[in-house]
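Below is one structure, written out as structure tokens; the observations come after it.
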Amino acid sequence: MNSDKRSREFYILAIFFTLFVLFLYGPLSAILILSFQGPNGGLTFPLNGVSVHWFFNLFEQQAVGDFGGSFRRSFALGLMVMIVTVIVSLLAGLAFRRKFIGATPLFYLAVASLVVPSIIISLGIGVLFSQLGLQPAWYSSGFGAHLTWTLPFGVLIMFAIFNRFSPSYEEAARDLGATSWQTFRHVVLPMILPSLIGVGLFGFTLSYDEFARTLMTSGTYNTLPLEIYGMTTNVTTPVLYALGTVTTLFSFLVIGGTLALLIGINRRRSRG
């Protein structure tokens, strides 16, 4: 009886997972295929030849769109957000290990932006900058808007990590004469480093593809998501699909590089 029940649940879950994968990767597959349209191909099937013409077209002067500039801005913004998210999340995780006055209100205040619609936050930051006489820009107002999105996630992840972290390791290090800094550097940091890398990757990913919180805060120059959205109403060639393919492959390269780094860290630990 239990075996039959488990079998039904398994098949239901398998069907759901299959549908989820098709829904997730089906559109990506269509974009990948259409990006290899021939020089005279259009935006829909069937393919009119097969070529890499539109990938080379990305690096040429475009009548509409600034691929290179928007990518550089998104990449730089993602790195800035990643660094600040990792540092602040780590400090918050360390600080909240001990109880202090106002800890609970501060925690809920830090994660409150997760329940506020992103477009409202973007609009509010844009209006605030205008009232202060400041020009919104991707590296100032956009940077702050992205942090309201990435920091709560980073803080929550670090809270979960430190809740499972045993203080006995630190106590043992202090018993052996290590200072607080030495304990953190040689004991705590190596143990939470994979988690910090995960927080950094998560922060970079959230920032790199963020649209709503960038809409009113990017200023004159677009980030890549805004540029792609603007191009959907102007570009009538498969160059847009080629851009989607390149950015998707870049995302997978970032994930692959992070996984390789984590594997390298684990191997070094096992040898040590």
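Ordering of the structure tokens sets the chain letters (A, B, ...); residue numbers start at 1 within each chain; ligands are numbered from 1 in the order shown.
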query: Hey, what's within 10 Å of A:Val155 if we count only C-alpha atoms and toss same-chain stuff fewer than 5 positions away? As a PyMOL selection string, please?
result: chain A and resi 85-86+88-93+96+107+110-111+150+160-161+199
Could the residues in this selection be saved with C-alpha atoms as an mmCIF file, in the first residue's frame?
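Dumped everything to part.cif:
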```cif
data_model
loop_
_atom_site.group_PDB
_atom_site.id
_atom_site.type_symbol
_atom_site.label_atom_id
_atom_site.label_comp_id
_atom_site.auth_asym_id
_atom_site.auth_seq_id
_atom_site.Cartn_x
_atom_site.Cartn_y
_atom_site.Cartn_z
ATOM 1 C CA THR A 85 26.152 42.521 -0.317
ATOM 2 C CA VAL A 86 28.817 40.049 0.816
ATOM 3 C CA VAL A 88 27.266 43.847 4.786
ATOM 4 C CA SER A 89 25.638 40.405 5.001
ATOM 5 C CA LEU A 90 28.717 39.002 6.722
ATOM 6 C CA LEU A 91 28.852 41.871 9.220
ATOM 7 C CA ALA A 92 25.114 41.561 9.883
ATOM 8 C CA GLY A 93 25.429 37.823 10.435
ATOM 9 C CA PHE A 96 23.162 39.298 15.142
ATOM 10 C CA PHE A 107 15.839 42.725 11.346
ATOM 11 C CA ALA A 110 16.118 45.157 6.845
ATOM 12 C CA VAL A 111 13.914 42.575 5.119
ATOM 13 C CA THR A 150 20.020 41.852 -2.646
ATOM 14 C CA ALA A 160 20.775 30.670 8.469
ATOM 15 C CA ILE A 161 24.495 29.874 8.188
ATOM 16 C CA VAL A 199 25.812 35.079 -1.346
#
```
Members of stretch 78-263 of chain A assigned alpha helix (DSSP H) by DSSP, as a compact mmCIF listing (two decimals) with N, CA, C and O atoms, in the first residue's frame:
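Final output, out-v1.txt:
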```
# COMPACT_ATOMS: atom_id res chain seq x y z
N GLY A 78 26.66 44.88 -11.16
CA GLY A 78 26.55 43.60 -10.49
C GLY A 78 27.73 43.34 -9.57
O GLY A 78 27.56 42.83 -8.45
N LEU A 79 28.94 43.70 -10.01
CA LEU A 79 30.12 43.51 -9.17
C LEU A 79 30.06 44.40 -7.94
O LEU A 79 30.39 43.97 -6.82
N MET A 80 29.65 45.66 -8.11
CA MET A 80 29.53 46.57 -6.98
C MET A 80 28.53 46.05 -5.96
O MET A 80 28.79 46.02 -4.75
N VAL A 81 27.38 45.62 -6.45
CA VAL A 81 26.34 45.11 -5.56
C VAL A 81 26.81 43.83 -4.87
O VAL A 81 26.57 43.62 -3.68
N MET A 82 27.51 42.97 -5.61
CA MET A 82 28.00 41.71 -5.05
C MET A 82 28.95 41.96 -3.88
O MET A 82 28.81 41.36 -2.82
N ILE A 83 29.89 42.87 -4.08
CA ILE A 83 30.89 43.14 -3.04
C ILE A 83 30.23 43.69 -1.78
O ILE A 83 30.49 43.23 -0.66
N VAL A 84 29.37 44.69 -1.95
CA VAL A 84 28.71 45.30 -0.80
C VAL A 84 27.77 44.31 -0.12
O VAL A 84 27.70 44.26 1.12
N THR A 85 27.07 43.50 -0.89
CA THR A 85 26.15 42.52 -0.32
C THR A 85 26.90 41.51 0.54
O THR A 85 26.46 41.16 1.65
N VAL A 86 28.04 41.03 0.05
CA VAL A 86 28.82 40.05 0.82
C VAL A 86 29.32 40.67 2.11
O VAL A 86 29.19 40.07 3.20
N ILE A 87 29.88 41.87 2.03
CA ILE A 87 30.47 42.50 3.23
C ILE A 87 29.39 42.81 4.27
O ILE A 87 29.53 42.46 5.45
N VAL A 88 28.32 43.46 3.84
CA VAL A 88 27.27 43.85 4.79
C VAL A 88 26.56 42.62 5.35
O VAL A 88 26.24 42.56 6.55
N SER A 89 26.30 41.62 4.52
CA SER A 89 25.64 40.41 5.00
C SER A 89 26.50 39.68 6.03
O SER A 89 25.99 39.18 7.04
N LEU A 90 27.81 39.63 5.77
CA LEU A 90 28.72 39.00 6.72
C LEU A 90 28.73 39.75 8.04
O LEU A 90 28.62 39.15 9.12
N LEU A 91 28.84 41.07 7.99
CA LEU A 91 28.85 41.87 9.22
C LEU A 91 27.53 41.74 9.97
O LEU A 91 27.52 41.66 11.21
N ALA A 92 26.41 41.72 9.23
CA ALA A 92 25.11 41.56 9.88
C ALA A 92 25.00 40.19 10.54
O ALA A 92 24.48 40.06 11.66
N GLY A 93 25.47 39.16 9.85
CA GLY A 93 25.43 37.82 10.43
C GLY A 93 26.24 37.73 11.71
O GLY A 93 25.81 37.11 12.69
N LEU A 94 27.42 38.37 11.72
CA LEU A 94 28.25 38.37 12.93
C LEU A 94 27.61 39.18 14.04
O LEU A 94 27.64 38.79 15.22
N ALA A 95 27.01 40.32 13.69
CA ALA A 95 26.42 41.20 14.70
C ALA A 95 25.22 40.55 15.37
O ALA A 95 25.05 40.65 16.60
N ALA A 103 17.28 44.65 18.11
CA ALA A 103 17.68 43.67 17.09
C ALA A 103 16.48 43.21 16.26
O ALA A 103 16.56 43.12 15.03
N THR A 104 15.36 42.94 16.91
CA THR A 104 14.19 42.45 16.18
C THR A 104 13.62 43.48 15.23
O THR A 104 13.39 43.19 14.05
N PRO A 105 13.36 44.74 15.69
CA PRO A 105 12.87 45.75 14.74
C PRO A 105 13.85 45.99 13.59
O PRO A 105 13.43 46.20 12.44
N LEU A 106 15.15 45.97 13.89
CA LEU A 106 16.14 46.20 12.85
C LEU A 106 16.11 45.07 11.82
O LEU A 106 16.25 45.33 10.61
N PHE A 107 15.91 43.85 12.27
CA PHE A 107 15.84 42.72 11.35
C PHE A 107 14.65 42.87 10.40
O PHE A 107 14.79 42.73 9.18
N TYR A 108 13.47 43.16 10.96
CA TYR A 108 12.28 43.29 10.11
C TYR A 108 12.39 44.51 9.20
O TYR A 108 11.88 44.49 8.07
N LEU A 109 13.05 45.55 9.65
CA LEU A 109 13.26 46.72 8.80
C LEU A 109 14.18 46.38 7.63
O LEU A 109 13.99 46.88 6.51
N ALA A 110 15.16 45.52 7.90
CA ALA A 110 16.12 45.16 6.85
C ALA A 110 15.48 44.33 5.75
O ALA A 110 15.85 44.44 4.58
N VAL A 111 14.54 43.47 6.11
CA VAL A 111 13.91 42.57 5.12
C VAL A 111 12.58 43.11 4.61
O VAL A 111 11.92 42.45 3.81
N SER A 118 8.61 46.14 -6.20
CA SER A 118 9.87 46.69 -6.69
C SER A 118 9.69 48.01 -7.42
O SER A 118 10.51 48.93 -7.29
N ILE A 119 8.63 48.12 -8.19
CA ILE A 119 8.42 49.34 -8.96
C ILE A 119 8.16 50.52 -8.04
O ILE A 119 8.52 51.67 -8.35
N ILE A 120 7.55 50.28 -6.86
CA ILE A 120 7.30 51.35 -5.90
C ILE A 120 8.62 51.85 -5.32
O ILE A 120 8.84 53.06 -5.16
N ILE A 121 9.52 50.92 -5.00
CA ILE A 121 10.83 51.31 -4.48
C ILE A 121 11.60 52.09 -5.53
O ILE A 121 12.22 53.12 -5.24
N SER A 122 11.56 51.62 -6.77
CA SER A 122 12.24 52.33 -7.85
C SER A 122 11.68 53.74 -8.02
O SER A 122 12.44 54.72 -8.15
N LEU A 123 10.38 53.87 -8.01
CA LEU A 123 9.74 55.18 -8.16
C LEU A 123 10.09 56.08 -6.99
O LEU A 123 10.40 57.27 -7.18
N GLY A 124 10.06 55.54 -5.77
CA GLY A 124 10.37 56.34 -4.60
C GLY A 124 11.80 56.86 -4.61
O GLY A 124 12.05 58.03 -4.29
N ILE A 125 12.75 56.01 -4.97
CA ILE A 125 14.15 56.45 -5.03
C ILE A 125 14.35 57.49 -6.12
O ILE A 125 15.06 58.49 -5.93
N GLY A 126 13.70 57.29 -7.27
CA GLY A 126 13.81 58.27 -8.34
C GLY A 126 13.25 59.62 -7.94
O GLY A 126 13.86 60.67 -8.22
N VAL A 127 12.09 59.62 -7.27
CA VAL A 127 11.49 60.88 -6.82
C VAL A 127 12.36 61.55 -5.76
O VAL A 127 12.54 62.77 -5.77
N LEU A 128 12.91 60.77 -4.84
CA LEU A 128 13.77 61.31 -3.79
C LEU A 128 14.99 62.00 -4.40
O LEU A 128 15.36 63.12 -3.98
N PHE A 129 15.63 61.37 -5.37
CA PHE A 129 16.80 61.98 -6.00
C PHE A 129 16.41 63.27 -6.71
O PHE A 129 17.16 64.26 -6.68
N SER A 130 15.27 63.27 -7.35
CA SER A 130 14.82 64.48 -8.04
C SER A 130 14.55 65.61 -7.05
O SER A 130 14.90 66.77 -7.30
N GLN A 131 13.93 65.29 -5.90
CA GLN A 131 13.65 66.30 -4.90
C GLN A 131 14.92 66.87 -4.29
O GLN A 131 14.97 68.04 -3.89
N SER A 141 21.82 55.99 -7.67
CA SER A 141 20.46 55.60 -7.30
C SER A 141 20.16 54.16 -7.70
O SER A 141 19.51 53.42 -6.94
N GLY A 142 20.63 53.74 -8.87
CA GLY A 142 20.44 52.35 -9.29
C GLY A 142 21.16 51.38 -8.37
O GLY A 142 20.63 50.31 -8.03
N PHE A 143 22.35 51.76 -7.94
CA PHE A 143 23.13 50.94 -7.02
C PHE A 143 22.38 50.77 -5.69
O PHE A 143 22.26 49.65 -5.17
N GLY A 144 21.84 51.86 -5.15
CA GLY A 144 21.08 51.77 -3.91
C GLY A 144 19.82 50.95 -4.06
O GLY A 144 19.45 50.18 -3.17
N ALA A 145 19.13 51.11 -5.20
CA ALA A 145 17.90 50.35 -5.44
C ALA A 145 18.18 48.86 -5.50
O ALA A 145 17.40 48.04 -4.97
N HIS A 146 19.29 48.47 -6.10
CA HIS A 146 19.62 47.05 -6.19
C HIS A 146 19.98 46.48 -4.82
O HIS A 146 19.67 45.32 -4.52
N LEU A 147 20.61 47.29 -3.98
CA LEU A 147 20.95 46.81 -2.65
C LEU A 147 19.71 46.54 -1.81
O LEU A 147 19.73 45.65 -0.95
N THR A 148 18.63 47.30 -2.04
CA THR A 148 17.39 47.02 -1.31
C THR A 148 16.82 45.67 -1.69
O THR A 148 15.95 45.14 -0.98
N TRP A 149 17.27 45.09 -2.78
CA TRP A 149 16.81 43.79 -3.25
C TRP A 149 17.74 42.67 -2.84
O TRP A 149 17.31 41.58 -2.46
N THR A 150 19.05 42.91 -2.90
CA THR A 150 20.02 41.85 -2.65
C THR A 150 20.38 41.70 -1.17
O THR A 150 20.61 40.58 -0.70
N LEU A 151 20.44 42.81 -0.44
CA LEU A 151 20.87 42.73 0.96
C LEU A 151 19.94 41.88 1.83
O LEU A 151 20.43 41.07 2.63
N PRO A 152 18.61 42.01 1.72
CA PRO A 152 17.77 41.14 2.56
C PRO A 152 18.02 39.66 2.32
O PRO A 152 18.06 38.88 3.29
N PHE A 153 18.21 39.26 1.08
CA PHE A 153 18.49 37.86 0.79
C PHE A 153 19.83 37.45 1.39
O PHE A 153 19.97 36.37 1.98
N GLY A 154 20.85 38.30 1.21
CA GLY A 154 22.16 37.99 1.76
C GLY A 154 22.13 37.88 3.28
O GLY A 154 22.74 36.97 3.86
N VAL A 155 21.41 38.79 3.93
CA VAL A 155 21.32 38.76 5.39
C VAL A 155 20.60 37.49 5.86
O VAL A 155 21.03 36.83 6.81
N LEU A 156 19.52 37.13 5.20
CA LEU A 156 18.78 35.93 5.59
C LEU A 156 19.63 34.68 5.42
O LEU A 156 19.59 33.75 6.26
N ILE A 157 20.41 34.62 4.35
CA ILE A 157 21.28 33.47 4.14
C ILE A 157 22.33 33.37 5.22
O ILE A 157 22.59 32.29 5.78
N MET A 158 22.95 34.51 5.58
CA MET A 158 23.99 34.48 6.60
C MET A 158 23.40 34.16 7.97
O MET A 158 24.06 33.50 8.78
N PHE A 159 22.18 34.61 8.23
CA PHE A 159 21.54 34.24 9.50
C PHE A 159 21.38 32.72 9.58
O PHE A 159 21.62 32.11 10.63
N ALA A 160 20.95 32.12 8.49
CA ALA A 160 20.78 30.67 8.47
C ALA A 160 22.11 29.96 8.67
O ALA A 160 22.19 28.94 9.36
N ILE A 161 23.17 30.49 8.05
CA ILE A 161 24.50 29.87 8.19
C ILE A 161 24.98 29.94 9.63
O ILE A 161 25.45 28.95 10.21
N PHE A 162 24.89 31.11 10.25
CA PHE A 162 25.40 31.26 11.60
C PHE A 162 24.52 30.57 12.64
O PHE A 162 25.00 30.24 13.73
N ASN A 163 23.25 30.37 12.34
CA ASN A 163 22.40 29.62 13.26
C ASN A 163 22.84 28.17 13.36
O ASN A 163 22.60 27.50 14.37
N SER A 168 31.72 26.21 19.33
CA SER A 168 32.79 25.42 19.96
C SER A 168 34.10 25.55 19.20
O SER A 168 35.18 25.48 19.80
N TYR A 169 34.03 25.75 17.88
CA TYR A 169 35.26 25.93 17.09
C TYR A 169 35.99 27.20 17.51
O TYR A 169 37.22 27.21 17.65
N GLU A 170 35.25 28.26 17.71
CA GLU A 170 35.86 29.52 18.13
C GLU A 170 36.40 29.40 19.56
O GLU A 170 37.47 29.94 19.88
N GLU A 171 35.66 28.72 20.42
CA GLU A 171 36.12 28.55 21.79
C GLU A 171 37.43 27.75 21.84
O GLU A 171 38.34 28.06 22.62
N ALA A 172 37.52 26.73 20.99
CA ALA A 172 38.75 25.94 20.94
C ALA A 172 39.92 26.79 20.46
O ALA A 172 41.04 26.67 20.99
N ALA A 173 39.67 27.65 19.46
CA ALA A 173 40.75 28.51 18.96
C ALA A 173 41.20 29.49 20.03
O ALA A 173 42.41 29.74 20.19
N ARG A 174 40.24 30.05 20.77
CA ARG A 174 40.62 31.00 21.82
C ARG A 174 41.36 30.30 22.95
O ARG A 174 42.27 30.87 23.56
N ASP A 175 40.98 29.06 23.24
CA ASP A 175 41.70 28.30 24.28
C ASP A 175 43.14 28.06 23.88
O ASP A 175 44.03 27.93 24.74
N SER A 180 40.77 37.39 18.60
CA SER A 180 39.47 37.40 17.91
C SER A 180 39.65 37.44 16.41
O SER A 180 38.94 36.76 15.66
N TRP A 181 40.60 38.27 15.94
CA TRP A 181 40.83 38.38 14.50
C TRP A 181 41.38 37.08 13.94
O TRP A 181 40.98 36.64 12.86
N GLN A 182 42.33 36.45 14.65
CA GLN A 182 42.89 35.18 14.19
C GLN A 182 41.82 34.08 14.17
O GLN A 182 41.79 33.25 13.26
N THR A 183 40.94 34.11 15.14
CA THR A 183 39.85 33.12 15.17
C THR A 183 38.95 33.29 13.96
O THR A 183 38.55 32.32 13.31
N LEU A 189 36.11 32.19 8.94
CA LEU A 189 36.06 32.54 7.52
C LEU A 189 36.22 31.34 6.60
O LEU A 189 35.44 31.19 5.64
N PRO A 190 37.20 30.44 6.82
CA PRO A 190 37.29 29.27 5.93
C PRO A 190 36.05 28.39 5.95
O PRO A 190 35.70 27.79 4.93
N MET A 191 35.35 28.33 7.08
CA MET A 191 34.19 27.46 7.18
C MET A 191 32.96 28.05 6.49
O MET A 191 32.12 27.32 5.97
N ILE A 192 32.86 29.38 6.47
CA ILE A 192 31.69 30.01 5.85
C ILE A 192 32.00 30.53 4.46
O ILE A 192 31.12 31.11 3.81
N LEU A 193 33.23 30.32 3.97
CA LEU A 193 33.62 30.87 2.67
C LEU A 193 32.72 30.39 1.53
O LEU A 193 32.31 31.20 0.68
N PRO A 194 32.40 29.09 1.43
CA PRO A 194 31.48 28.68 0.36
C PRO A 194 30.13 29.40 0.41
O PRO A 194 29.56 29.75 -0.62
N SER A 195 29.65 29.64 1.62
CA SER A 195 28.38 30.37 1.76
C SER A 195 28.54 31.82 1.31
O SER A 195 27.62 32.38 0.69
N LEU A 196 29.66 32.43 1.62
CA LEU A 196 29.90 33.81 1.18
C LEU A 196 29.98 33.88 -0.34
O LEU A 196 29.47 34.84 -0.95
N ILE A 197 30.59 32.88 -0.95
CA ILE A 197 30.65 32.85 -2.41
C ILE A 197 29.24 32.72 -2.98
O ILE A 197 28.88 33.36 -3.98
N GLY A 198 28.42 31.89 -2.33
CA GLY A 198 27.03 31.76 -2.76
C GLY A 198 26.26 33.05 -2.63
O GLY A 198 25.48 33.42 -3.52
N VAL A 199 26.47 33.78 -1.53
CA VAL A 199 25.81 35.08 -1.35
C VAL A 199 26.25 36.06 -2.43
O VAL A 199 25.44 36.81 -2.99
N GLY A 200 27.56 36.04 -2.75
CA GLY A 200 28.06 36.93 -3.79
C GLY A 200 27.47 36.61 -5.15
O GLY A 200 27.06 37.51 -5.89
N LEU A 201 27.41 35.33 -5.48
CA LEU A 201 26.83 34.92 -6.77
C LEU A 201 25.35 35.28 -6.82
O LEU A 201 24.85 35.77 -7.85
N PHE A 202 24.64 35.07 -5.72
CA PHE A 202 23.22 35.39 -5.66
C PHE A 202 23.02 36.89 -5.84
O PHE A 202 22.13 37.33 -6.58
N GLY A 203 23.83 37.69 -5.14
CA GLY A 203 23.71 39.14 -5.26
C GLY A 203 24.01 39.63 -6.67
O GLY A 203 23.30 40.49 -7.21
N PHE A 204 25.05 39.08 -7.28
CA PHE A 204 25.40 39.48 -8.65
C PHE A 204 24.27 39.11 -9.61
O PHE A 204 23.91 39.91 -10.48
N THR A 205 23.72 37.91 -9.47
CA THR A 205 22.67 37.46 -10.38
C THR A 205 21.42 38.32 -10.24
O THR A 205 20.81 38.73 -11.24
N LEU A 206 21.01 38.61 -8.99
CA LEU A 206 19.83 39.43 -8.78
C LEU A 206 20.01 40.82 -9.38
O LEU A 206 19.08 41.39 -9.94
N SER A 207 21.21 41.37 -9.24
CA SER A 207 21.47 42.71 -9.77
C SER A 207 21.58 42.71 -11.28
O SER A 207 21.06 43.61 -11.96
N TYR A 208 22.23 41.70 -11.82
CA TYR A 208 22.52 41.66 -13.25
C TYR A 208 21.24 41.64 -14.09
O TYR A 208 21.21 42.23 -15.18
N ALA A 212 12.77 45.98 -12.63
CA ALA A 212 11.81 46.92 -12.03
C ALA A 212 12.50 47.98 -11.17
O ALA A 212 12.17 49.17 -11.27
N ARG A 213 13.47 47.58 -10.35
CA ARG A 213 14.12 48.54 -9.46
C ARG A 213 15.13 49.41 -10.19
O ARG A 213 15.69 50.33 -9.60
N THR A 214 15.39 49.09 -11.45
CA THR A 214 16.31 49.90 -12.24
C THR A 214 15.56 50.88 -13.13
O THR A 214 16.14 51.85 -13.61
N LEU A 215 14.28 50.63 -13.34
CA LEU A 215 13.51 51.37 -14.34
C LEU A 215 13.52 52.87 -14.09
O LEU A 215 13.71 53.66 -15.02
N LEU A 224 21.59 46.42 -19.02
CA LEU A 224 21.26 45.44 -20.06
C LEU A 224 19.78 45.04 -20.07
O LEU A 224 19.17 44.98 -21.14
N PRO A 225 19.16 44.74 -18.92
CA PRO A 225 17.72 44.40 -18.96
C PRO A 225 16.86 45.51 -19.55
O PRO A 225 15.94 45.25 -20.33
N LEU A 226 17.15 46.76 -19.20
CA LEU A 226 16.39 47.89 -19.75
C LEU A 226 16.65 48.03 -21.25
O LEU A 226 15.73 48.35 -22.02
N GLU A 227 17.89 47.79 -21.66
CA GLU A 227 18.23 47.90 -23.08
C GLU A 227 17.50 46.82 -23.88
O GLU A 227 16.96 47.10 -24.97
N ILE A 228 17.47 45.62 -23.36
CA ILE A 228 16.77 44.53 -24.06
C ILE A 228 15.28 44.83 -24.16
O ILE A 228 14.66 44.64 -25.21
N TYR A 229 14.71 45.32 -23.06
CA TYR A 229 13.28 45.64 -23.08
C TYR A 229 12.98 46.75 -24.10
O TYR A 229 12.00 46.66 -24.84
N GLY A 230 13.83 47.77 -24.13
CA GLY A 230 13.61 48.85 -25.09
C GLY A 230 13.77 48.39 -26.53
O GLY A 230 13.08 48.88 -27.43
N MET A 231 14.65 47.41 -26.73
CA MET A 231 14.89 46.92 -28.09
C MET A 231 13.75 46.06 -28.62
O MET A 231 13.60 45.90 -29.83
N VAL A 239 19.13 39.67 -34.14
CA VAL A 239 20.24 40.12 -33.31
C VAL A 239 19.82 40.15 -31.84
O VAL A 239 20.64 39.95 -30.93
N LEU A 240 18.54 40.38 -31.58
CA LEU A 240 18.04 40.37 -30.21
C LEU A 240 18.14 38.98 -29.61
O LEU A 240 18.47 38.81 -28.44
N TYR A 241 17.87 37.95 -30.42
CA TYR A 241 18.00 36.57 -29.95
C TYR A 241 19.47 36.23 -29.71
O TYR A 241 19.80 35.49 -28.77
N ALA A 242 20.33 36.72 -30.57
CA ALA A 242 21.76 36.49 -30.38
C ALA A 242 22.24 37.11 -29.07
O ALA A 242 23.03 36.50 -28.34
N LEU A 243 21.72 38.30 -28.76
CA LEU A 243 22.06 38.94 -27.48
C LEU A 243 21.56 38.11 -26.32
O LEU A 243 22.27 37.92 -25.32
N GLY A 244 20.33 37.57 -26.44
CA GLY A 244 19.80 36.72 -25.38
C GLY A 244 20.63 35.46 -25.19
O GLY A 244 20.87 35.03 -24.05
N THR A 245 21.09 34.87 -26.28
CA THR A 245 21.92 33.67 -26.19
C THR A 245 23.25 33.98 -25.51
O THR A 245 23.72 33.22 -24.64
N VAL A 246 23.87 35.09 -25.89
CA VAL A 246 25.17 35.46 -25.32
C VAL A 246 25.04 35.74 -23.82
O VAL A 246 25.87 35.27 -23.02
N THR A 247 24.01 36.47 -23.41
CA THR A 247 23.85 36.78 -22.00
C THR A 247 23.52 35.53 -21.19
O THR A 247 23.96 35.39 -20.04
N THR A 248 22.76 34.61 -21.78
CA THR A 248 22.45 33.36 -21.09
C THR A 248 23.71 32.52 -20.90
O THR A 248 23.96 31.97 -19.81
N LEU A 249 24.53 32.42 -21.95
CA LEU A 249 25.79 31.68 -21.84
C LEU A 249 26.71 32.33 -20.82
O LEU A 249 27.42 31.64 -20.07
N PHE A 250 26.71 33.67 -20.77
CA PHE A 250 27.52 34.37 -19.78
C PHE A 250 27.08 34.01 -18.37
O PHE A 250 27.90 33.78 -17.48
N SER A 251 25.76 33.93 -18.15
CA SER A 251 25.24 33.56 -16.83
C SER A 251 25.69 32.15 -16.45
O SER A 251 26.10 31.90 -15.30
N PHE A 252 25.62 31.23 -17.41
CA PHE A 252 26.06 29.86 -17.13
C PHE A 252 27.57 29.80 -16.87
O PHE A 252 28.03 29.00 -16.05
N LEU A 253 28.34 30.64 -17.54
CA LEU A 253 29.78 30.69 -17.29
C LEU A 253 30.08 31.18 -15.87
O LEU A 253 30.98 30.67 -15.20
N VAL A 254 29.32 32.19 -15.42
CA VAL A 254 29.50 32.69 -14.05
C VAL A 254 29.17 31.59 -13.04
O VAL A 254 29.92 31.37 -12.08
N ILE A 255 28.08 30.88 -13.27
CA ILE A 255 27.71 29.79 -12.37
C ILE A 255 28.74 28.67 -12.40
O ILE A 255 29.16 28.15 -11.36
N GLY A 256 29.20 28.32 -13.62
CA GLY A 256 30.22 27.28 -13.74
C GLY A 256 31.52 27.67 -13.07
O GLY A 256 32.16 26.84 -12.40
N GLY A 257 31.94 28.93 -13.24
CA GLY A 257 33.16 29.39 -12.58
C GLY A 257 33.05 29.35 -11.07
O GLY A 257 34.00 28.99 -10.37
N THR A 258 31.87 29.71 -10.55
CA THR A 258 31.65 29.66 -9.11
C THR A 258 31.70 28.23 -8.59
O THR A 258 32.30 27.95 -7.54
N LEU A 259 31.05 27.31 -9.31
CA LEU A 259 31.09 25.91 -8.90
C LEU A 259 32.51 25.36 -8.93
O LEU A 259 32.91 24.61 -8.03
N ALA A 260 33.28 25.74 -9.95
CA ALA A 260 34.67 25.30 -10.03
C ALA A 260 35.48 25.83 -8.84
O ALA A 260 36.32 25.12 -8.28
N LEU A 261 35.19 27.08 -8.46
CA LEU A 261 35.89 27.66 -7.32
C LEU A 261 35.54 26.92 -6.03
O LEU A 261 36.42 26.64 -5.21
N LEU A 262 34.26 26.60 -5.86
CA LEU A 262 33.85 25.85 -4.67
C LEU A 262 34.47 24.46 -4.62
O LEU A 262 34.89 23.99 -3.56
N ILE A 263 34.52 23.80 -5.78
CA ILE A 263 35.15 22.47 -5.84
C ILE A 263 36.63 22.56 -5.48
O ILE A 263 37.16 21.72 -4.75
```
query: What is the distance between atom CA of A:Ser166 and atom CA of A:Lys99, in Å to one decimal?
result: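 If I compute the distance from atom CA of A:Ser166 to atom CA of A:Lys99, I get 16.6 Å.
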Atom-to-atom span, atom CA of A:Arg271 and atom CA of A:Val188, Å: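 If I compute the distance from atom CA of A:Arg271 to atom CA of A:Val188, I get 18.8 Å.
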task: Quick one: pull the distance between atom CA of A:Val52 and atom CA of A:Ala30, Å, one decimal.
output: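 Going from atom CA of A:Val52 over to atom CA of A:Ala30 covers 15.6 Å.
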- request: Tell me which protein, DNA and RNA residues are within 7 Å of A:Ala137, counting only C-alpha atoms, leaving out same-chain ones fewer than 2 positions away, and put them as a list of chain:residue names.
  value: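 In the requested format, the answer is A:Gln135, A:Tyr139, A:Ser140, A:Ser141, A:Gly142, A:Thr217, A:Ser218, A:Gly219, A:Thr220.
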